[in-house]
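Inspection log for the structure reproduced underneath, given as C-alpha cells.
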Amino acid sequence: MSIRPLVIIPDSRLRLISDPIVRVDARVRAIVEDMFETMYDAPGIGLAAIQVGIPERIVTVDVAEREDGSAEGEEPKKNPLALINPEIISSSEEISVYSEGCLSIPEYYADVERPARVKVRYMDLNGETQEIDADDLLATCVQHEIDHLNGVLFIDHISKLKRDRVMTKFTKLAKQKERDEA
Ligand code: NI
C-alpha cells in the first residue's frame with residue numbers, strides 16, 4: 001500500500017472522463033487500497049481515482065468519522081466503501097445543501113445544492129453488483145465523487161464568479177510552484 005500524490009486544480013486530468021472497469025481484479029483492489037490510504041492520510045471523506053491520476057471509474061468513501069461524532073482522542077470509527085463503476089439510478093426531488101470541499105481544491109469550501117437522496121448502483125470488490133440508498137452526507141459525497149468520474153468538480157455547481165476566482169488563485173499557485181521548482 002502507498003499514499004499517492006493528489007492531483008490539484010488546474011491540472012487538466014481532473015477534466016477527463018474516466019473509463020469503466022471491465023474486471024475487478026488484483027490490480028483494481030490494489031488501486032482501491034492505495035486510494036483509502038491516500039484518503040485517510042489527507043484526511044478526506046471521498047476520493048475518485050482520477051484524483052490520484054488514474055482515469056478509471058473507482059471511488060472510495062468513508063463518512064463514518066464525520067457522522068458518528070466520536071469523542072476527542074477516541075479512535076475514529078471506520079466504514080470504508082469502495083464503489084466500482086458507480087452510477088446514480090434515481091435521485092430525490094428534495095434538495096439538500098452542504099458546504100463541500102475537495103482534496104483537489106485544498107482548503108476551499110462552498111455550499112452546493114444536490115438531491116438529498118440517491119440510489120446508486122455499483123460493483124463491489126468481488127465484482128458483484130450492489131445498490132445503496134444514500135442520504136445526508138453520504139448522498140452528497142457519492143454525487144461529488146461520481147462527478148469526478150465525469151470530469152466535473154464541485155466548483156462547477158457554484159457561481160461562475162466564485163469559480164473563476166478559485167481557478168485564478170490555484171492557477172497562480174501552480175505557476176508559483178513551477179517557478180520555485182525551476
Ligand atoms: Ni472532490
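Labels used: A, B, ... for chains in the order of the C-alpha cells, numbers from 1 for residues in each chain, and numbers from 1 for ligands as shown.
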
Distance limit 12 Å, reference ligand 1, atoms considered: only C-alpha atoms and all ligand atoms. Which residues make the cut? Give them as a PyMOL selection string.
chain A and resi 6-9+14-15+39+44-52+59-61+100-109+140-156

List every residue of stretch 41-141 of chain A that DSSP, applied to the backbone, labels as strand (DSSP E or B), and write the result as number ranges by chain.
A: 46-48, 56, 58-61, 81-91, 95-102, 105-115, 118-123, 129-134

Identify all residues of chain A in helix (DSSP H, G or I) (DSSP on the backbone) and supply them as a count of residues only.
69

Residue nearest A:His157 among A:Val118, A:Ala139, A:Val112, A:Leu173 (counting only C-alpha atoms):
A:Val112

Measuring atom to atom with only C-alpha atoms, identify which of A:Met35, A:Ile58, A:Ile158, A:Met167 is nearest to A:Leu83.
A:Ile58

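Taking atom CA of A:Asp111 as the reference point, atom CA of A:Ile95 is found at 12.3 Å.
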
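Among the candidates A:Thr129, A:Ser12, A:Ser99, A:Ser2, the one nearest to A:Glu87 when counting only C-alpha atoms is A:Thr129.
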
Check which residues of stretch 34-127 of chain A sit at most 9 Å from stretch 132-138 of chain A using only C-alpha atoms, and return one row each with the closest pair of atoms and their distance in Å to one decimal, ordered by chain and rising number, as a Markdown table.
```
| residue | atom | partner | partner_atom | distance |
| --- | --- | --- | --- | --- |
| A:Val61 | CA | A:Leu138 | CA | 8.2 |
| A:Asp62 | CA | A:Leu138 | CA | 8.2 |
| A:Val63 | CA | A:Leu138 | CA | 6.3 |
| A:Arg66 | CA | A:Leu137 | CA | 8.6 |
| A:Glu67 | CA | A:Leu137 | CA | 7.9 |
| A:Ser96 | CA | A:Asp136 | CA | 7.9 |
| A:Tyr98 | CA | A:Leu137 | CA | 7.8 |
| A:Pro115 | CA | A:Asp135 | CA | 9.0 |
| A:Ala116 | CA | A:Asp135 | CA | 6.0 |
| A:Arg117 | CA | A:Asp135 | CA | 4.5 |
| A:Val118 | CA | A:Ala134 | CA | 5.4 |
| A:Lys119 | CA | A:Asp133 | CA | 4.5 |
| A:Val120 | CA | A:Ile132 | CA | 5.4 |
| A:Arg121 | CA | A:Ile132 | CA | 6.7 |
| A:Tyr122 | CA | A:Ile132 | CA | 8.5 |
```

Go ahead and write the selection's residues with all heavy atoms as a short mmCIF file (atom, residue, chain, number, x, y, z; two decimals), in the first residue's frame.
```cif
data_model
loop_
_atom_site.label_atom_id
_atom_site.label_comp_id
_atom_site.auth_asym_id
_atom_site.auth_seq_id
_atom_site.Cartn_x
_atom_site.Cartn_y
_atom_site.Cartn_z
N VAL A 61 -15.13 6.02 -0.37
CA VAL A 61 -15.75 6.97 0.56
C VAL A 61 -15.74 6.39 1.96
O VAL A 61 -15.71 5.17 2.15
CB VAL A 61 -17.21 7.34 0.17
CG1 VAL A 61 -17.30 7.95 -1.20
CG2 VAL A 61 -18.14 6.16 0.27
N ASP A 62 -15.74 7.28 2.94
CA ASP A 62 -15.94 6.88 4.33
C ASP A 62 -16.42 8.12 5.08
O ASP A 62 -15.63 9.01 5.35
CB ASP A 62 -14.65 6.34 4.95
CG ASP A 62 -14.91 5.74 6.32
OD1 ASP A 62 -15.95 6.07 6.93
OD2 ASP A 62 -14.07 4.94 6.78
N VAL A 63 -17.71 8.14 5.37
CA VAL A 63 -18.27 9.31 6.06
C VAL A 63 -18.49 9.01 7.54
O VAL A 63 -19.06 9.83 8.26
CB VAL A 63 -19.59 9.80 5.41
CG1 VAL A 63 -19.34 10.25 3.98
CG2 VAL A 63 -20.69 8.77 5.48
N ARG A 66 -17.23 11.59 10.28
CA ARG A 66 -17.97 12.84 10.32
C ARG A 66 -19.35 12.64 10.97
O ARG A 66 -19.87 13.53 11.60
CB ARG A 66 -18.19 13.39 8.92
CG ARG A 66 -16.94 13.90 8.27
CD ARG A 66 -16.52 15.25 8.87
NE ARG A 66 -15.43 15.81 8.10
CZ ARG A 66 -15.61 16.52 6.99
NH1 ARG A 66 -16.81 16.78 6.55
NH2 ARG A 66 -14.57 16.99 6.33
N GLU A 67 -19.93 11.45 10.74
CA GLU A 67 -21.32 11.28 11.16
C GLU A 67 -21.48 10.71 12.57
O GLU A 67 -22.48 10.96 13.21
CB GLU A 67 -22.09 10.41 10.15
CG GLU A 67 -22.42 11.22 8.90
CD GLU A 67 -23.38 10.52 7.96
OE1 GLU A 67 -23.37 9.28 7.95
OE2 GLU A 67 -24.12 11.22 7.25
N SER A 96 -30.69 19.06 -0.80
CA SER A 96 -30.04 19.48 0.43
C SER A 96 -28.79 20.28 0.09
O SER A 96 -28.26 20.17 -1.03
CB SER A 96 -29.72 18.30 1.34
OG SER A 96 -28.74 17.51 0.76
N TYR A 98 -24.88 21.28 1.29
CA TYR A 98 -23.73 21.01 2.16
C TYR A 98 -22.60 21.95 1.77
O TYR A 98 -22.45 22.29 0.59
CB TYR A 98 -23.24 19.57 1.97
CG TYR A 98 -23.78 18.59 2.99
CD1 TYR A 98 -24.85 17.76 2.67
CD2 TYR A 98 -23.21 18.49 4.25
CE1 TYR A 98 -25.35 16.85 3.60
CE2 TYR A 98 -23.71 17.59 5.19
CZ TYR A 98 -24.77 16.77 4.86
OH TYR A 98 -25.25 15.89 5.77
N PRO A 115 -29.46 16.71 -4.96
CA PRO A 115 -30.55 15.89 -4.45
C PRO A 115 -30.19 15.32 -3.08
O PRO A 115 -29.05 14.91 -2.84
CB PRO A 115 -30.66 14.77 -5.50
CG PRO A 115 -30.21 15.43 -6.77
CD PRO A 115 -29.09 16.36 -6.35
N ALA A 116 -31.17 15.33 -2.17
CA ALA A 116 -30.91 14.92 -0.78
C ALA A 116 -30.67 13.42 -0.66
O ALA A 116 -29.96 12.97 0.24
CB ALA A 116 -32.08 15.34 0.10
N ARG A 117 -31.30 12.64 -1.56
CA ARG A 117 -31.14 11.19 -1.52
C ARG A 117 -30.91 10.65 -2.93
O ARG A 117 -31.53 11.13 -3.89
CB ARG A 117 -32.40 10.52 -0.93
CG ARG A 117 -32.61 10.79 0.56
CD ARG A 117 -33.93 10.19 1.05
NE ARG A 117 -35.07 10.68 0.28
CZ ARG A 117 -35.65 11.86 0.46
NH1 ARG A 117 -35.20 12.69 1.39
NH2 ARG A 117 -36.66 12.23 -0.30
N VAL A 118 -30.05 9.65 -3.03
CA VAL A 118 -29.82 9.00 -4.33
C VAL A 118 -29.73 7.49 -4.14
O VAL A 118 -29.32 7.01 -3.08
CB VAL A 118 -28.50 9.48 -5.01
CG1 VAL A 118 -28.64 10.90 -5.52
CG2 VAL A 118 -27.31 9.36 -4.09
N LYS A 119 -30.14 6.78 -5.18
CA LYS A 119 -29.92 5.34 -5.22
C LYS A 119 -28.76 5.12 -6.19
O LYS A 119 -28.76 5.65 -7.31
CB LYS A 119 -31.19 4.63 -5.72
CG LYS A 119 -31.11 3.10 -5.60
CD LYS A 119 -32.33 2.43 -6.24
CE LYS A 119 -33.53 2.36 -5.33
NZ LYS A 119 -33.41 1.34 -4.27
N VAL A 120 -27.77 4.38 -5.73
CA VAL A 120 -26.55 4.19 -6.52
C VAL A 120 -26.32 2.70 -6.79
O VAL A 120 -26.44 1.88 -5.88
CB VAL A 120 -25.32 4.76 -5.76
CG1 VAL A 120 -24.04 4.57 -6.56
CG2 VAL A 120 -25.53 6.23 -5.44
N ARG A 121 -26.03 2.38 -8.03
CA ARG A 121 -25.66 1.00 -8.39
C ARG A 121 -24.16 0.99 -8.67
O ARG A 121 -23.62 1.91 -9.28
CB ARG A 121 -26.44 0.57 -9.64
CG ARG A 121 -26.20 -0.89 -10.03
CD ARG A 121 -27.05 -1.27 -11.23
NE ARG A 121 -28.47 -1.25 -10.89
CZ ARG A 121 -29.45 -1.04 -11.78
NH1 ARG A 121 -29.17 -0.81 -13.05
NH2 ARG A 121 -30.72 -1.06 -11.39
N TYR A 122 -23.49 -0.06 -8.18
CA TYR A 122 -22.03 -0.15 -8.35
C TYR A 122 -21.59 -1.59 -8.24
O TYR A 122 -22.41 -2.47 -7.91
CB TYR A 122 -21.34 0.70 -7.26
CG TYR A 122 -21.56 0.20 -5.84
CD1 TYR A 122 -20.59 -0.58 -5.19
CD2 TYR A 122 -22.73 0.48 -5.13
CE1 TYR A 122 -20.78 -1.05 -3.89
CE2 TYR A 122 -22.94 0.01 -3.84
CZ TYR A 122 -21.96 -0.75 -3.23
OH TYR A 122 -22.16 -1.22 -1.95
#
```
